[in-house]
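One structure below.
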Amino acid sequence: MDVPVEIEDLEIRLLLETMLLRYGYDFRQYTSASLKRRLLQCLTACDITHISDAIPKIIHDRSFLDQLIYAMSVTVTECFRDPPFYRLLRQKVMPVLATYPFINIWHAGCATGEEVYSMAILLQEEGLYHRARIFATDINNKSLHQAKEGIYTVKNMEEYANNYRATGGPGTLADYYHAKYDLARMSASLKENMVFAAHNLATDGVFSETHLILCRNVLIYFNNDLKNRALKLFDDSLVPGGFLCLGTKESLQFTDVADHFVPLSQELRIYQKRVPR
Amino acid sequence: MNPFSSLKRHRLWRVTRVALAVLLVVGVIWLCSRQTVLAMASGVMAHLVPLLHDLWWLGWSLATLAVLLLALVGGIFWWRTRGLLADTGQLLEASARLAGGDMGSRVQVASMTVMARVGEMFNGFAEGMVAQQRIRLREQQLREGVATLHRHLGENSDLVPLSAAVISFLTPFLDAILGAFYGVDEAGLLRLLGSYAYHERKTPGNLFTPGEGIVGQVLLEKKYMLLSRVPADYVVAQSGLGQAVPNTLLVFPFLLHGEVKAIVELGTFTTFTEHHLLFLHSVAEGVAMAVTAAQSRAVTATALAQLREQRQTVETTSEALRQSNERLEEQKRALLLSQAQLLEQQEELRVSNEELAAQAQLLEEQKQVADRKNAELVAAQEALRRTAREAIPADPVPTQPDPDRMTAEPVNEGAVARMPRPERARAAPPVRQSPPPEVLPPLQVAFPQRCSQAKPCTLLLVEDDAHARAAMLRLLQGHPVRVVQAATGAAALTSLREQPFDGMIVDLGLPDIDGFDLLDRMTQESTLPRTPSIVYSGRELTREEYERLKQHTNSIVVKGVNAPVRLLSELALLLAQTPPDPTPAPLPDTAHHGHMADLRDKTVLLVDDDVRNVYALTRQLEQKQLKVRMAANGAKALAALDQYPEIACILMDMMMPVMDGLEAIRQLRTQPRWATLPVIALTAKAMEEDRRQALEAGANDYLPKPVDVELLLEKLTQWMSP
């Protein structure tokens, strides 16, 4: 390894330590390659040449930190992403959830919220939304704010309509938003039972008992320790028989909680929490 | 001044002195000759007496003569001096008049030559004075004119008022009766800008090209023109009294750096003098400069207005640009983002590609195996068919297995038949043609080891509907449980009093007592052992009902398609979690926690929507003899505070629907009656900042979730101690 790379790694370590010491955000365990890529992209966009130049800015400028976290933690999301997954939720998970008088759903790492609204739509169509509550959390206040707004582009929504159809939805996606110019605002009725809150899987604890947890495409950025921590939170939060849904590239295999869950679908990464003996 | 001092030098005096000298010489000579005669007769005394007589006579006559002479001289002198004095007086008077300002004062001397010359000199001097004063006056007029004109030039910055002011001044000042003022515009044309008593001219129009008419000619030649005998129809001066044609015209160009900037045309009944021309020459440059300045100001003003307009346009455009720039920026950010996402997706794709390749290979292998088997099967079928044909030639045997049977879904709905789901119109066929995901069977329900077929766990089933009871019995068939049935609440209570149960399943809609009341009574009846229960009901619950039920029951299962499966797993959980505990809950160990005595009978408000947390905490706090009130969100907490004034401390969760903890704390702190009420924030958030936020909102302390009860009791003691 040549010298500049070493310096860069050192700078990143210092930067992550700064974020932890100043604000308590612990990104030290995020897998380094993707983190570095995102970090460098963000810093380049801010005209910062050396990573260490960002450290004083982080210390004194909270908004810059948010920007950085946004860049580092942002995930790809869309409405009804992976239609087969939502199809299975509709067919197999919703009937089980229907047996609970009240349903708590935790969407960890909700990003800009498209999937939160997808879940609300699903629940509404299954007649369960009035007794459901969706806790949508993310580390990033900025994307959380966007999720709360529930405003997306009409163009995207039209693309999502295909996803929706593929999940076997009885209506059309357009029933759930109001388009104005090139923007689409999600129906207010979908927002009724949503609670948006900042939550850091790396440091924060369990806040509620839940029946279904979605944490899709978040754990891929975590190293094993962090991944196990997050999964332990989910395990603690879920009721026995509750469901945990991960992203297609994530798996419970080789994790600490692997034997606490049984897969409902290995392929679509839907797991059900075992009833302890 | 002595008028006589000058007389000494006069010619008259000199004549007088010469005459006296001659007289003296003649007298001496005459006297000498008389002495000679006396000497000749000296010897003769006789002649002495007549000589003496002669001497006396001579003396006397001489004296007489002298007196006569003196009288004569004095007379002449007096006569002459009298005229001189009169002349001198006249001269003095004239001088005084002249000094007094009477320029017409002159002297008339007639007496003596010398005074006449003095008078002439005085008169010449006075004439000179008058002439000089006239020049001075003209110069002063000129200066004043120039000053006035320049004042006009300075006061008017716009071209037209400037022209009007110039011509209105120039015309009367130069004793003209009409005047016109032309400016040379940027196109080099003469434009009539202002006029004075100007009525009509032979050439109509206000615009002249170089060389056109007299003014055009002047513009070309850059020299003034003075025309006498103007044609009668050339131009007419207008006044209130009538019209007249001037007989002299002056067209004068105003030059600046050798270029004509403006031209004035003046007409008079008399004539223009060189003073007029001199004046025009002296102001020419100033006027030209003023006109040029006004013109360039006008140009500048126009340009400025254009500039302002352009700037506004530019501002509008730049605003639009800025907006589109922002949009571009946003798009750029989005692009950057999607680039990052693309990279990720690429990576994902690469991985799944590899997986796909592996799967494809596997499939290929399987296919080969299947083909082989198929070939074998076909061969076997062929053999079978041959055998069959040989046996029963008329009866056809299906050659292919039934496809429906091949793809039958695995049965995973448990013992109860699947209820038909309402048909749904599918808007479009699924977009992705992926094979249906393999769905594994649901959770395997494993009952705890303490329940065995040999020693089954006992279960009380409280259900009024016989069909439902039968279905439940079928469901539990084969599991290590012994079921006691009760169709009413009363029967259930009786059974509970008779024997302990490991668990019970309760329907809410009972004919005699409501399920809620049944559970309430079970709790209140202290002699009854605590029996863990599952509520199994098709009834839709409100939050309040749910919270009430949750105080007495382990879980609630809503009847429906998947309910039986879940009921089994809940049952397994219930039986596994709660080993039978025949003795009631032990009293709090007050010896160990001596300080806890302070907390006895105090009321705590627990604000949290997480039911699990609420009941776990409530149970533990109630074991310590604390009274617990509950509220599911901030708004309900405020209502509870109003209703129960005995509340001595609040445990406030942060993340709640409707009104979160921070907001609730802030609101209750606005009321003086709750200003000092201890509030302990419960937060799942570990960050210093979140805790600081809670404290800033008005919390006294905070505890991380999940709550450590020992720590909580410590904090409660600390905050509720008097």
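As shown in the structure tokens, the chain order sets the letters A, B, ...; within each chain, residues go from 1, and ligands are also counted from 1 in the order they appear.
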Inset, instruction - At a cut-off of 8 Å, list the chain A residues touching chain B, using only C-alpha atoms, as a PyMOL selection string. - result: chain A and resi 23-25+38+75-76+84+95-96+98-101+162-163+165-172+193-195+197+199-200+203-209+241+249+262-268+272+274-277
Legend entry - All strand (DSSP E) positions in range 492-619 of chain B, as a ChimeraX atom specification: /B:503-506,533-537,555-558,603-607
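Nearest to Ser189 in chain A of all the residues A:Gln124, A:Ser34, A:Thr77, A:Thr255 is A:Gln124, counting only C-alpha atoms.
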Legend entry - CA of Asp158 in chain B to CA of Gln295 in chain B, distance in Å rounded to a single decimal: 7.8 Å
Legend entry - Close residues, Glu192 in chain A itself excluded, 12 Å, only C-alpha atoms, min 2 positions apart in chain, as a ChimeraX atom specification: /A:117,120-121,124,129-135,148,186-190,194-196 /B:657-658
Inset, instruction - Enumerate the residues of range 26-257 of chain A with a DSSP assignment of helix (DSSP H, G or I), computed from the backbone, and present them as a ChimeraX atom specification. - result: /A:32-45,51-60,62-73,83-97,114-125,129-131,141-149,154-166,173-176,188-191,219-221,224-237
Inset, instruction - Mind giving me the straight-line distance from CA of Gln499 in chain B to CA of Thr523 in chain B in Å, one decimal? - result: 16.0 Å
Inset, instruction - Have a look at A:Leu39, A:Ala161, A:Leu123, A:His178 and name the one nearest to Pro83 in chain A; count only C-alpha atoms. - result: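 Looking at the shortest contact to Pro83 in chain A, the residue is A:Ala161.
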Inset, instruction - Could you check which of A:Ser251, A:Thr210, A:Asn228, A:Ser143 is closest to His107 in chain A, using only C-alpha atoms? - result: A:Thr210
Legend entry - Within 8 Å of Met720 in chain B using only C-alpha atoms, minus same-chain residues under 3 positions, as a list in words: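 Contacts, with the query itself left out: Asp598, Leu599, Ala648, Cys649, Pro678, Leu716 and Thr717 of chain B.
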